$ cat entry.cif   # mmCIF, C-alpha atoms
data_data
loop_
_atom_site.label_atom_id
_atom_site.label_comp_id
_atom_site.auth_asym_id
_atom_site.auth_seq_id
_atom_site.Cartn_x
_atom_site.Cartn_y
_atom_site.Cartn_z
CA MET A 1 -104.89 -56.61 16.02
CA ALA A 2 -102.67 -55.13 13.31
CA ASP A 3 -101.62 -57.34 10.43
CA GLY A 4 -98.01 -58.57 9.88
CA THR A 5 -97.21 -55.73 7.52
CA GLY A 6 -98.23 -53.15 10.11
CA LEU A 7 -96.19 -54.84 12.84
CA GLN A 8 -93.10 -54.98 10.66
CA GLY A 9 -93.48 -51.30 9.88
CA LEU A 10 -93.65 -50.45 13.56
CA LEU A 11 -90.47 -52.42 14.25
CA GLN A 12 -88.57 -50.68 11.47
CA SER A 13 -89.80 -47.30 12.70
CA ALA A 14 -88.64 -48.12 16.26
CA GLN A 15 -85.20 -49.25 15.09
CA GLN A 16 -84.75 -46.09 13.05
CA GLY A 17 -85.69 -43.99 16.05
CA LEU A 18 -83.15 -45.77 18.26
CA GLN A 19 -80.40 -45.22 15.68
CA ASN A 20 -81.20 -41.52 15.45
CA TYR A 21 -81.22 -41.22 19.22
CA GLY A 22 -77.89 -42.99 19.50
CA ARG A 23 -76.25 -40.59 17.02
CA LYS A 24 -77.63 -37.57 18.86
CA PHE A 25 -76.52 -38.99 22.24
CA SER A 26 -72.96 -39.69 21.09
CA ASN A 27 -72.68 -36.27 19.46
CA PHE A 28 -73.84 -34.66 22.67
CA TRP A 29 -71.09 -36.32 24.76
CA LEU A 30 -68.45 -35.57 22.15
CA GLY A 31 -69.28 -31.92 22.38
CA GLY A 32 -71.05 -31.65 19.07
CA SER A 33 -74.48 -30.40 18.26
CA PRO A 34 -77.24 -32.98 18.68
CA ALA A 35 -78.44 -32.06 15.25
CA GLN A 36 -75.00 -32.26 13.54
CA ALA A 37 -72.42 -35.06 13.63
CA ILE A 38 -68.72 -34.22 14.12
CA PRO A 39 -66.88 -34.88 10.87
CA ALA A 40 -63.91 -37.24 11.03
CA PRO A 41 -60.50 -35.53 10.57
CA SER A 42 -59.00 -35.76 7.14
CA PRO A 43 -55.97 -38.08 6.87
CA ASN A 44 -54.12 -35.15 5.26
CA THR A 45 -54.72 -32.82 8.20
CA LYS A 46 -51.39 -31.48 9.61
CA VAL A 47 -51.17 -31.24 13.38
CA ALA A 48 -49.02 -28.37 14.69
CA PRO A 49 -46.19 -29.51 17.02
CA PRO A 50 -46.42 -28.42 20.66
CA GLN A 51 -44.86 -25.04 21.34
CA GLN A 52 -41.48 -25.23 23.11
CA PRO A 53 -40.67 -22.58 25.72
CA GLN A 54 -38.33 -19.93 24.40
CA LEU A 55 -35.02 -19.98 26.27
CA PRO A 56 -33.11 -16.72 26.66
CA GLU A 57 -30.22 -16.41 24.24
CA GLN A 58 -26.81 -16.87 25.83
CA PRO A 59 -24.27 -14.17 25.03
CA PRO A 60 -21.26 -15.44 23.08
CA LEU A 61 -18.13 -16.24 25.04
CA GLN A 62 -15.45 -13.57 25.10
CA MET A 63 -12.35 -15.09 23.59
CA ILE A 64 -8.78 -14.03 24.16
CA GLU A 65 -6.09 -15.07 21.71
CA GLY A 66 -2.72 -16.60 22.47
CA PHE A 67 0.07 -17.22 19.97
CA ARG A 68 2.20 -20.22 20.85
CA PHE A 69 5.92 -20.55 20.33
CA ASN A 70 6.62 -21.63 16.77
CA GLU A 71 8.30 -25.00 17.27
CA THR A 72 7.66 -26.38 13.78
CA ASP A 73 9.17 -23.53 11.74
CA PRO A 74 10.96 -20.91 13.87
CA LYS A 75 12.31 -19.25 10.72
CA ALA A 76 8.75 -18.26 9.81
CA GLY A 77 8.47 -16.22 13.00
CA PRO A 78 8.83 -16.56 16.77
CA VAL A 79 5.15 -17.45 17.26
CA GLU A 80 2.63 -19.47 15.32
CA VAL A 81 0.60 -17.69 12.65
CA LEU A 82 -2.79 -18.91 13.84
CA PRO A 83 -3.89 -18.14 17.41
CA THR A 84 -5.15 -20.46 20.10
CA LYS A 85 -8.35 -19.05 21.58
CA TYR A 86 -9.21 -19.13 25.27
CA PRO A 87 -12.67 -18.30 26.66
CA MET A 88 -12.06 -15.68 29.30
CA GLU A 89 -15.10 -16.67 31.37
CA HIS A 90 -13.80 -20.24 31.60
CA MET A 91 -10.22 -19.32 32.46
CA LEU A 92 -11.13 -16.76 35.11
CA PRO A 93 -12.29 -19.20 37.88
CA TYR A 94 -8.92 -20.98 37.71
CA LEU A 95 -7.05 -17.71 38.08
CA GLU A 96 -9.27 -16.62 40.96
CA ALA A 97 -8.79 -19.95 42.74
CA TYR A 98 -5.03 -19.67 42.30
CA LYS A 99 -5.09 -16.14 43.72
CA VAL A 100 -7.13 -17.19 46.76
CA ALA A 101 -4.75 -20.09 47.41
CA THR A 102 -1.67 -17.85 47.26
CA LYS A 103 -3.05 -14.73 48.97
CA GLN A 104 -5.15 -16.32 51.70
CA TYR A 105 -3.53 -19.69 52.30
CA GLY A 106 0.12 -19.08 51.47
CA MET A 107 0.56 -21.42 48.52
CA PRO A 108 3.90 -20.63 46.80
CA LYS A 109 3.38 -18.41 43.79
CA LEU A 110 4.03 -19.01 40.12
CA SER A 111 4.75 -15.91 38.07
CA PRO A 112 2.08 -14.69 35.62
CA GLU A 113 4.67 -15.31 32.89
CA LYS A 114 4.87 -18.96 33.98
CA LEU A 115 1.09 -19.35 34.04
CA ALA A 116 0.78 -17.74 30.61
CA ALA A 117 3.52 -20.03 29.25
CA MET A 118 1.66 -23.06 30.65
CA ALA A 119 -1.58 -21.90 29.01
CA LEU A 120 0.25 -21.51 25.70
CA ALA A 121 2.06 -24.85 25.99
CA GLU A 122 -1.16 -26.68 26.88
CA GLY A 123 -3.47 -24.78 24.55
CA ARG A 124 -6.14 -25.06 27.25
CA TYR A 125 -7.88 -22.49 29.44
CA ASP A 126 -7.42 -24.80 32.45
CA PHE A 127 -3.61 -24.86 32.09
CA GLY A 128 -3.62 -28.62 31.49
CA TYR A 129 -5.26 -29.47 34.83
CA ASN A 130 -6.86 -32.92 35.02
CA GLN A 131 -7.08 -33.92 38.69
CA TYR A 132 -5.32 -33.44 41.99
CA ASN A 133 -3.81 -35.98 44.36
CA THR A 134 -6.49 -36.65 46.97
CA GLU A 135 -3.96 -38.67 49.00
CA ASN A 136 -2.01 -35.48 49.70
CA LYS A 137 -3.57 -34.33 52.97
CA GLU A 138 -2.51 -30.71 52.57
CA ALA A 139 -3.81 -30.51 49.00
CA GLN A 140 -7.05 -32.14 50.13
CA LYS A 141 -7.37 -29.68 53.02
CA LEU A 142 -6.84 -26.77 50.65
CA TYR A 143 -9.50 -28.15 48.28
CA GLU A 144 -12.04 -28.62 51.05
CA THR A 145 -11.38 -25.19 52.52
CA MET A 146 -11.73 -23.44 49.17
CA THR A 147 -14.89 -25.27 48.08
CA ALA A 148 -16.45 -24.45 51.46
CA GLN A 149 -15.60 -20.84 50.69
CA GLY A 150 -17.57 -21.05 47.44
CA ILE A 151 -14.76 -21.67 44.95
CA PRO A 152 -15.97 -23.94 42.10
CA PRO A 153 -14.77 -27.52 42.72
CA ARG A 154 -12.75 -27.87 39.53
CA ALA A 155 -11.02 -24.53 40.06
CA ALA A 156 -10.26 -25.46 43.67
CA GLY A 157 -8.85 -28.75 42.41
CA PHE A 158 -6.55 -26.79 40.11
CA ALA A 159 -5.07 -24.92 43.08
CA ALA A 160 -4.75 -28.15 45.06
CA ALA A 161 -2.93 -29.75 42.12
CA ILE A 162 -0.45 -26.86 41.96
CA LEU A 163 0.28 -27.27 45.68
CA ASP A 164 0.76 -31.01 45.31
CA LYS A 165 3.08 -30.67 42.31
CA GLN A 166 5.11 -27.98 44.06
CA GLN A 167 5.72 -30.44 46.86
CA VAL A 168 6.61 -33.18 44.37
CA ALA A 169 9.09 -30.81 42.70
CA LYS A 170 10.68 -30.03 46.05
CA ARG A 171 10.89 -33.67 47.10
CA LEU A 172 12.36 -34.91 43.81
CA LYS A 173 14.39 -31.73 43.17
CA ILE A 174 12.95 -31.26 39.70
CA PRO A 175 11.39 -28.25 37.94
CA PHE A 176 7.76 -27.60 38.72
CA GLU A 177 6.81 -28.07 35.07
CA LYS A 178 8.18 -31.59 35.06
CA ALA A 179 6.20 -32.44 38.18
CA TRP A 180 3.09 -30.85 36.65
CA ASN A 181 3.39 -32.96 33.51
CA GLY A 182 4.65 -36.15 35.15
CA THR A 183 7.99 -37.90 35.19
CA GLY A 184 7.00 -40.76 32.92
CA ARG A 185 6.57 -40.99 29.16
CA SER A 186 3.28 -40.19 27.41
CA ALA A 187 1.57 -42.30 24.75
CA ALA A 188 3.07 -39.93 22.18
CA GLY A 189 6.55 -40.66 23.54
CA LYS A 190 6.94 -37.28 25.27
CA THR A 191 8.65 -37.00 28.65
CA GLY A 192 8.50 -34.55 31.50
CA ASN A 193 11.72 -32.98 30.24
CA ASP A 194 10.06 -32.40 26.85
CA TYR A 195 7.28 -30.55 28.64
CA VAL A 196 9.76 -28.39 30.56
CA ARG A 197 11.37 -27.46 27.27
CA ARG A 198 8.01 -26.62 25.71
CA VAL A 199 6.98 -24.37 28.60
CA ARG A 200 10.33 -22.57 28.58
CA ASN A 201 10.04 -22.01 24.84
CA ASN A 202 6.61 -20.51 25.38
CA LEU A 203 8.05 -18.26 28.08
CA LYS A 204 9.82 -16.57 25.19
CA ALA A 205 6.50 -16.21 23.36
CA VAL A 206 4.73 -14.66 26.38
CA ASN A 207 6.54 -11.36 25.83
CA HIS A 208 5.56 -11.18 22.16
CA GLU A 209 3.26 -8.25 21.39
CA LYS A 210 0.56 -10.64 20.12
CA ASN A 211 0.35 -12.22 23.57
CA LYS A 212 0.10 -8.97 25.49
CA LYS A 213 -3.66 -9.28 26.11
CA LEU A 214 -3.39 -12.87 27.32
CA TYR A 215 -0.50 -12.04 29.63
CA GLU A 216 -2.19 -8.92 31.03
CA PHE A 217 -5.43 -10.85 31.61
CA ILE A 218 -3.59 -13.52 33.62
CA LYS A 219 -1.47 -11.02 35.50
CA SER A 220 -4.35 -8.71 36.43
CA ASN A 221 -6.27 -11.63 37.94
CA THR A 222 -3.42 -13.24 39.88
CA ALA A 223 -0.63 -10.85 40.78
CA LEU A 224 0.10 -7.88 43.02
CA ALA A 225 2.89 -5.38 42.51
CA ASP A 226 5.03 -6.70 45.36
CA ASP A 227 4.71 -10.40 44.50
CA GLN A 228 7.77 -12.62 44.53
CA TYR A 229 7.68 -15.92 42.72
CA ASP A 230 9.01 -19.45 42.93
CA ASP A 231 10.01 -19.92 39.31
CA VAL A 232 11.55 -22.94 37.59
CA GLU A 233 14.95 -22.69 39.24
CA THR A 234 13.75 -21.86 42.76
CA ALA A 235 11.00 -24.49 42.71
CA ALA A 236 13.64 -27.23 42.62
CA LYS A 237 15.23 -25.69 45.73
CA GLY A 238 12.04 -25.93 47.71
CA GLY A 239 10.54 -22.45 47.54
CA HIS A 240 9.34 -20.94 50.79
CA ILE A 241 7.21 -22.01 53.69
CA GLY A 242 3.55 -21.13 53.34
CA LYS A 243 1.08 -19.84 55.88
CA PRO A 244 -0.78 -22.35 58.05
CA LEU A 245 -4.01 -23.68 56.63
CA PRO A 246 -7.14 -23.55 58.75
CA GLY A 247 -6.59 -26.48 61.08
CA GLY A 248 -3.00 -25.74 62.01
CA SER A 249 -0.82 -27.58 59.47
CA LYS A 250 1.61 -25.79 57.20
CA MET A 251 1.24 -26.32 53.49
CA ILE A 252 4.88 -27.22 52.77
#
$ encode --input "entry.cif" --output "structure tokens"
Amino acid sequence: MADGTGLQGLLQSAQQGLQNYGRKFSNFWLGGSPAQAIPAPSPNTKVAPPQQPQLPEQPPLQMIEGFRFNETDPKAGPVEVLPTKYPMEHMLPYLEAYKVATKQYGMPKLSPEKLAAMALAEGRYDFGYNQYNTENKEAQKLYETMTAQGIPPRAAGFAAAILDKQQVAKRLKIPFEKAWNGTGRSAAGKTGNDYVRRVRNNLKAVNHEKNKKLYEFIKSNTALADDQYDDVETAAKGGHIGKPLPGGSKMI
């Protein structure tokens, strides 16, 4: 029988062997070499962020400039010095929807001069459109027909709003512009009559040489050579009767 010293030595030797085996076993499952432990990462090690997919660059919008009627200082010139810029790609769907509504479905026409004056007065590529009256069955029918045809919903709503406001103008015997703006008073204290005056002032600016590109862009995407229009004066008289919509009802 071995003495106590020998037994203690055997126990220490066995414990050391188990510790060595444990280190080798853990290194093996961690992917390291059994003979070499994996060093712990340094606290100063910088981890690279995950790579984000590269999105294709979008081409810049093509802008067209419009110079509004100079209401603040007419003596300085007939139009404002600084232009209002309109993205052509954003304005185009509204013009195309208007053209479809007039050419295919008989909606009474507004002249390209009137549309350009509205764009100038509003300073917006959507001509000041917000929403259309969904309670107007004919406007709703036009909207549904055009969206089913593939016209973008907001652009189709623009055409439906024009139709609705034309009917309001006829019923109340007021200019289309007043119906488009509303007959009440805005938070800024402006009335529908103020809006009519602003649009008519900008009709003068439409023919300015600085607005030639804006006017030609609107005209080329809405008008034909033989078009006749329901302008401010004729809109109050009721305009003309449109073609039947799909479904049998006339638009006005």
$ resolve_selection --input "entry.cif" --expression "the PyMOL selection byres ((chain A and resi 89) around 12)" --output "VMD selection string"
chain A and resid 59 to 64 86 to 88 90 to 96 125 to 126 217
$ resolve_selection --input "entry.cif" --expression "the PyMOL selection byres ((chain A and resi 119) around 10)" --output "ChimeraX atom specification"
/A:66,68,84,86,91,113-118,120-128,199,202,206,214-215,218
$ atom_distance --input "entry.cif" --atom1 "CA of Ile162 (chain A)" --atom2 "CA of Gly184 (chain A)"
18.2 Å
$ atom_distance --input "entry.cif" --atom1 "CA of Arg198 (chain A)" --atom2 "CA of Phe69 (chain A)"
8.4 Å
$ resolve_selection --input "entry.cif" --expression "the PyMOL selection byres ((chain A and resi 178) around 9)" --output "PDB file with C-alpha atoms, keeping the file's coordinate frame"
ATOM      1  CA  LYS A 165       3.080 -30.670  42.310  1.00  0.00           C
ATOM      2  CA  ALA A 169       9.090 -30.810  42.700  1.00  0.00           C
ATOM      3  CA  ILE A 174      12.950 -31.260  39.700  1.00  0.00           C
ATOM      4  CA  PRO A 175      11.390 -28.250  37.940  1.00  0.00           C
ATOM      5  CA  PHE A 176       7.760 -27.600  38.720  1.00  0.00           C
ATOM      6  CA  GLU A 177       6.810 -28.070  35.070  1.00  0.00           C
ATOM      7  CA  ALA A 179       6.200 -32.440  38.180  1.00  0.00           C
ATOM      8  CA  TRP A 180       3.090 -30.850  36.650  1.00  0.00           C
ATOM      9  CA  ASN A 181       3.390 -32.960  33.510  1.00  0.00           C
ATOM     10  CA  GLY A 182       4.650 -36.150  35.150  1.00  0.00           C
ATOM     11  CA  THR A 183       7.990 -37.900  35.190  1.00  0.00           C
ATOM     12  CA  THR A 191       8.650 -37.000  28.650  1.00  0.00           C
ATOM     13  CA  GLY A 192       8.500 -34.550  31.500  1.00  0.00           C
ATOM     14  CA  ASN A 193      11.720 -32.980  30.240  1.00  0.00           C
ATOM     15  CA  ASP A 194      10.060 -32.400  26.850  1.00  0.00           C
ATOM     16  CA  TYR A 195       7.280 -30.550  28.640  1.00  0.00           C
ATOM     17  CA  VAL A 196       9.760 -28.390  30.560  1.00  0.00           C
TER      18      VAL A 196
END
$ residues_around --input "entry.cif" --residues "region 154-158 of chain A" --least-positions-apart "6" --cutoff "7 Å" --atoms "all atoms listed in the file" --output "list of chain:residue names"
A:Pro93, A:Tyr94, A:Ala97, A:Tyr129, A:Gln131, A:Tyr132, A:Tyr143, A:Met146, A:Thr147
$ closest_residue --input "entry.cif" --among "A:Ser186, A:Glu71, A:Thr145, A:Tyr105" --to "Arg200 (chain A)" --atoms "all atoms listed in the file"
A:Glu71
$ residues_near_point --input "entry.cif" --point "(-3.0, -33.8, 49.0)" --cutoff "10 Å" --atoms "all atoms listed in the file" --output "count of residues only"
19
$ closest_residue --input "entry.cif" --among "A:Asn211, A:Gln166, A:Asn201, A:Thr72" --to "Met107 (chain A)" --atoms "all atoms listed in the file"
A:Gln166
$ atom_distance --input "entry.cif" --atom1 "CA of Lys85 (chain A)" --atom2 "CA of Ala101 (chain A)"
26.1 Å
$ closest_residue --input "entry.cif" --among "A:Arg197, A:Lys75, A:Lys190, A:Lys170" --to "Pro108 (chain A)" --atoms "all atoms listed in the file"
A:Lys170
$ build_atoms --input "entry.cif" --residues "region 74-110 of chain A" --atoms "N, CA and C atoms" --output "PDB file, keeping the file's coordinate frame"
ATOM      1  N   PRO A  74      10.553 -22.171  13.224  1.00  0.00           N
ATOM      2  CA  PRO A  74      10.960 -20.910  13.870  1.00  0.00           C
ATOM      3  C   PRO A  74      11.391 -19.833  12.886  1.00  0.00           C
ATOM      4  N   LYS A  75      11.868 -20.234  11.701  1.00  0.00           N
ATOM      5  CA  LYS A  75      12.310 -19.250  10.720  1.00  0.00           C
ATOM      6  C   LYS A  75      11.142 -18.418  10.200  1.00  0.00           C
ATOM      7  N   ALA A  76       9.930 -18.980  10.291  1.00  0.00           N
ATOM      8  CA  ALA A  76       8.750 -18.260   9.810  1.00  0.00           C
ATOM      9  C   ALA A  76       8.298 -17.182  10.799  1.00  0.00           C
ATOM     10  N   GLY A  77       8.836 -17.196  11.982  1.00  0.00           N
ATOM     11  CA  GLY A  77       8.470 -16.220  13.000  1.00  0.00           C
ATOM     12  C   GLY A  77       8.547 -16.839  14.371  1.00  0.00           C
ATOM     13  N   PRO A  78       8.672 -16.026  15.404  1.00  0.00           N
ATOM     14  CA  PRO A  78       8.830 -16.560  16.770  1.00  0.00           C
ATOM     15  C   PRO A  78       7.570 -17.223  17.318  1.00  0.00           C
ATOM     16  N   VAL A  79       6.401 -16.847  16.793  1.00  0.00           N
ATOM     17  CA  VAL A  79       5.150 -17.450  17.260  1.00  0.00           C
ATOM     18  C   VAL A  79       4.377 -17.995  16.074  1.00  0.00           C
ATOM     19  N   GLU A  80       3.451 -18.894  16.370  1.00  0.00           N
ATOM     20  CA  GLU A  80       2.630 -19.470  15.320  1.00  0.00           C
ATOM     21  C   GLU A  80       1.756 -18.412  14.656  1.00  0.00           C
ATOM     22  N   VAL A  81       1.401 -18.665  13.399  1.00  0.00           N
ATOM     23  CA  VAL A  81       0.600 -17.690  12.650  1.00  0.00           C
ATOM     24  C   VAL A  81      -0.833 -17.667  13.161  1.00  0.00           C
ATOM     25  N   LEU A  82      -1.402 -18.841  13.393  1.00  0.00           N
ATOM     26  CA  LEU A  82      -2.790 -18.910  13.840  1.00  0.00           C
ATOM     27  C   LEU A  82      -2.862 -18.929  15.368  1.00  0.00           C
ATOM     28  N   PRO A  83      -3.809 -18.203  15.949  1.00  0.00           N
ATOM     29  CA  PRO A  83      -3.890 -18.140  17.410  1.00  0.00           C
ATOM     30  C   PRO A  83      -4.609 -19.340  18.005  1.00  0.00           C
ATOM     31  N   THR A  84      -4.340 -19.572  19.273  1.00  0.00           N
ATOM     32  CA  THR A  84      -5.150 -20.460  20.100  1.00  0.00           C
ATOM     33  C   THR A  84      -6.087 -19.570  20.897  1.00  0.00           C
ATOM     34  N   LYS A  85      -7.370 -19.922  20.919  1.00  0.00           N
ATOM     35  CA  LYS A  85      -8.350 -19.050  21.580  1.00  0.00           C
ATOM     36  C   LYS A  85      -8.780 -19.639  22.917  1.00  0.00           C
ATOM     37  N   TYR A  86      -8.857 -18.746  23.902  1.00  0.00           N
ATOM     38  CA  TYR A  86      -9.210 -19.130  25.270  1.00  0.00           C
ATOM     39  C   TYR A  86     -10.450 -18.352  25.700  1.00  0.00           C
ATOM     40  N   PRO A  87     -11.504 -19.035  26.138  1.00  0.00           N
ATOM     41  CA  PRO A  87     -12.670 -18.300  26.660  1.00  0.00           C
ATOM     42  C   PRO A  87     -12.349 -17.686  28.021  1.00  0.00           C
ATOM     43  N   MET A  88     -12.442 -16.383  28.087  1.00  0.00           N
ATOM     44  CA  MET A  88     -12.060 -15.680  29.300  1.00  0.00           C
ATOM     45  C   MET A  88     -12.905 -16.098  30.498  1.00  0.00           C
ATOM     46  N   GLU A  89     -14.214 -16.287  30.268  1.00  0.00           N
ATOM     47  CA  GLU A  89     -15.100 -16.670  31.370  1.00  0.00           C
ATOM     48  C   GLU A  89     -14.737 -18.031  31.942  1.00  0.00           C
ATOM     49  N   HIS A  90     -14.177 -18.910  31.122  1.00  0.00           N
ATOM     50  CA  HIS A  90     -13.800 -20.240  31.600  1.00  0.00           C
ATOM     51  C   HIS A  90     -12.449 -20.232  32.305  1.00  0.00           C
ATOM     52  N   MET A  91     -11.545 -19.385  31.839  1.00  0.00           N
ATOM     53  CA  MET A  91     -10.220 -19.320  32.460  1.00  0.00           C
ATOM     54  C   MET A  91     -10.261 -18.603  33.809  1.00  0.00           C
ATOM     55  N   LEU A  92     -11.131 -17.621  33.936  1.00  0.00           N
ATOM     56  CA  LEU A  92     -11.130 -16.760  35.110  1.00  0.00           C
ATOM     57  C   LEU A  92     -11.284 -17.514  36.437  1.00  0.00           C
ATOM     58  N   PRO A  93     -12.184 -18.507  36.583  1.00  0.00           N
ATOM     59  CA  PRO A  93     -12.290 -19.200  37.880  1.00  0.00           C
ATOM     60  C   PRO A  93     -10.988 -19.868  38.314  1.00  0.00           C
ATOM     61  N   TYR A  94     -10.199 -20.354  37.364  1.00  0.00           N
ATOM     62  CA  TYR A  94      -8.920 -20.980  37.710  1.00  0.00           C
ATOM     63  C   TYR A  94      -7.943 -19.945  38.254  1.00  0.00           C
ATOM     64  N   LEU A  95      -7.930 -18.773  37.617  1.00  0.00           N
ATOM     65  CA  LEU A  95      -7.050 -17.710  38.080  1.00  0.00           C
ATOM     66  C   LEU A  95      -7.476 -17.213  39.464  1.00  0.00           C
ATOM     67  N   GLU A  96      -8.780 -17.094  39.665  1.00  0.00           N
ATOM     68  CA  GLU A  96      -9.270 -16.620  40.960  1.00  0.00           C
ATOM     69  C   GLU A  96      -8.966 -17.634  42.065  1.00  0.00           C
ATOM     70  N   ALA A  97      -9.107 -18.924  41.752  1.00  0.00           N
ATOM     71  CA  ALA A  97      -8.790 -19.950  42.740  1.00  0.00           C
ATOM     72  C   ALA A  97      -7.306 -19.931  43.082  1.00  0.00           C
ATOM     73  N   TYR A  98      -6.475 -19.768  42.063  1.00  0.00           N
ATOM     74  CA  TYR A  98      -5.030 -19.670  42.300  1.00  0.00           C
ATOM     75  C   TYR A  98      -4.711 -18.474  43.197  1.00  0.00           C
ATOM     76  N   LYS A  99      -5.359 -17.351  42.939  1.00  0.00           N
ATOM     77  CA  LYS A  99      -5.090 -16.140  43.720  1.00  0.00           C
ATOM     78  C   LYS A  99      -5.530 -16.314  45.169  1.00  0.00           C
ATOM     79  N   VAL A 100      -6.671 -16.933  45.388  1.00  0.00           N
ATOM     80  CA  VAL A 100      -7.130 -17.190  46.760  1.00  0.00           C
ATOM     81  C   VAL A 100      -6.137 -18.093  47.477  1.00  0.00           C
ATOM     82  N   ALA A 101      -5.669 -19.136  46.783  1.00  0.00           N
ATOM     83  CA  ALA A 101      -4.750 -20.090  47.410  1.00  0.00           C
ATOM     84  C   ALA A 101      -3.427 -19.431  47.788  1.00  0.00           C
ATOM     85  N   THR A 102      -2.956 -18.496  46.969  1.00  0.00           N
ATOM     86  CA  THR A 102      -1.670 -17.850  47.260  1.00  0.00           C
ATOM     87  C   THR A 102      -1.836 -16.705  48.258  1.00  0.00           C
ATOM     88  N   LYS A 103      -2.889 -15.917  48.114  1.00  0.00           N
ATOM     89  CA  LYS A 103      -3.050 -14.730  48.970  1.00  0.00           C
ATOM     90  C   LYS A 103      -3.565 -15.097  50.358  1.00  0.00           C
ATOM     91  N   GLN A 104      -4.523 -16.009  50.420  1.00  0.00           N
ATOM     92  CA  GLN A 104      -5.150 -16.320  51.700  1.00  0.00           C
ATOM     93  C   GLN A 104      -4.509 -17.492  52.426  1.00  0.00           C
ATOM     94  N   TYR A 105      -3.994 -18.450  51.673  1.00  0.00           N
ATOM     95  CA  TYR A 105      -3.530 -19.690  52.300  1.00  0.00           C
ATOM     96  C   TYR A 105      -2.042 -19.958  52.075  1.00  0.00           C
ATOM     97  N   GLY A 106      -1.328 -18.989  51.502  1.00  0.00           N
ATOM     98  CA  GLY A 106       0.120 -19.080  51.470  1.00  0.00           C
ATOM     99  C   GLY A 106       0.715 -20.063  50.500  1.00  0.00           C
ATOM    100  N   MET A 107      -0.036 -20.517  49.508  1.00  0.00           N
ATOM    101  CA  MET A 107       0.560 -21.420  48.520  1.00  0.00           C
ATOM    102  C   MET A 107       1.657 -20.682  47.756  1.00  0.00           C
ATOM    103  N   PRO A 108       2.841 -21.294  47.557  1.00  0.00           N
ATOM    104  CA  PRO A 108       3.900 -20.630  46.800  1.00  0.00           C
ATOM    105  C   PRO A 108       3.415 -20.186  45.427  1.00  0.00           C
ATOM    106  N   LYS A 109       3.899 -19.044  45.002  1.00  0.00           N
ATOM    107  CA  LYS A 109       3.380 -18.410  43.790  1.00  0.00           C
ATOM    108  C   LYS A 109       4.148 -18.846  42.546  1.00  0.00           C
ATOM    109  N   LEU A 110       3.433 -18.901  41.440  1.00  0.00           N
ATOM    110  CA  LEU A 110       4.030 -19.010  40.120  1.00  0.00           C
ATOM    111  C   LEU A 110       3.868 -17.642  39.457  1.00  0.00           C
TER     112      LEU A 110
END
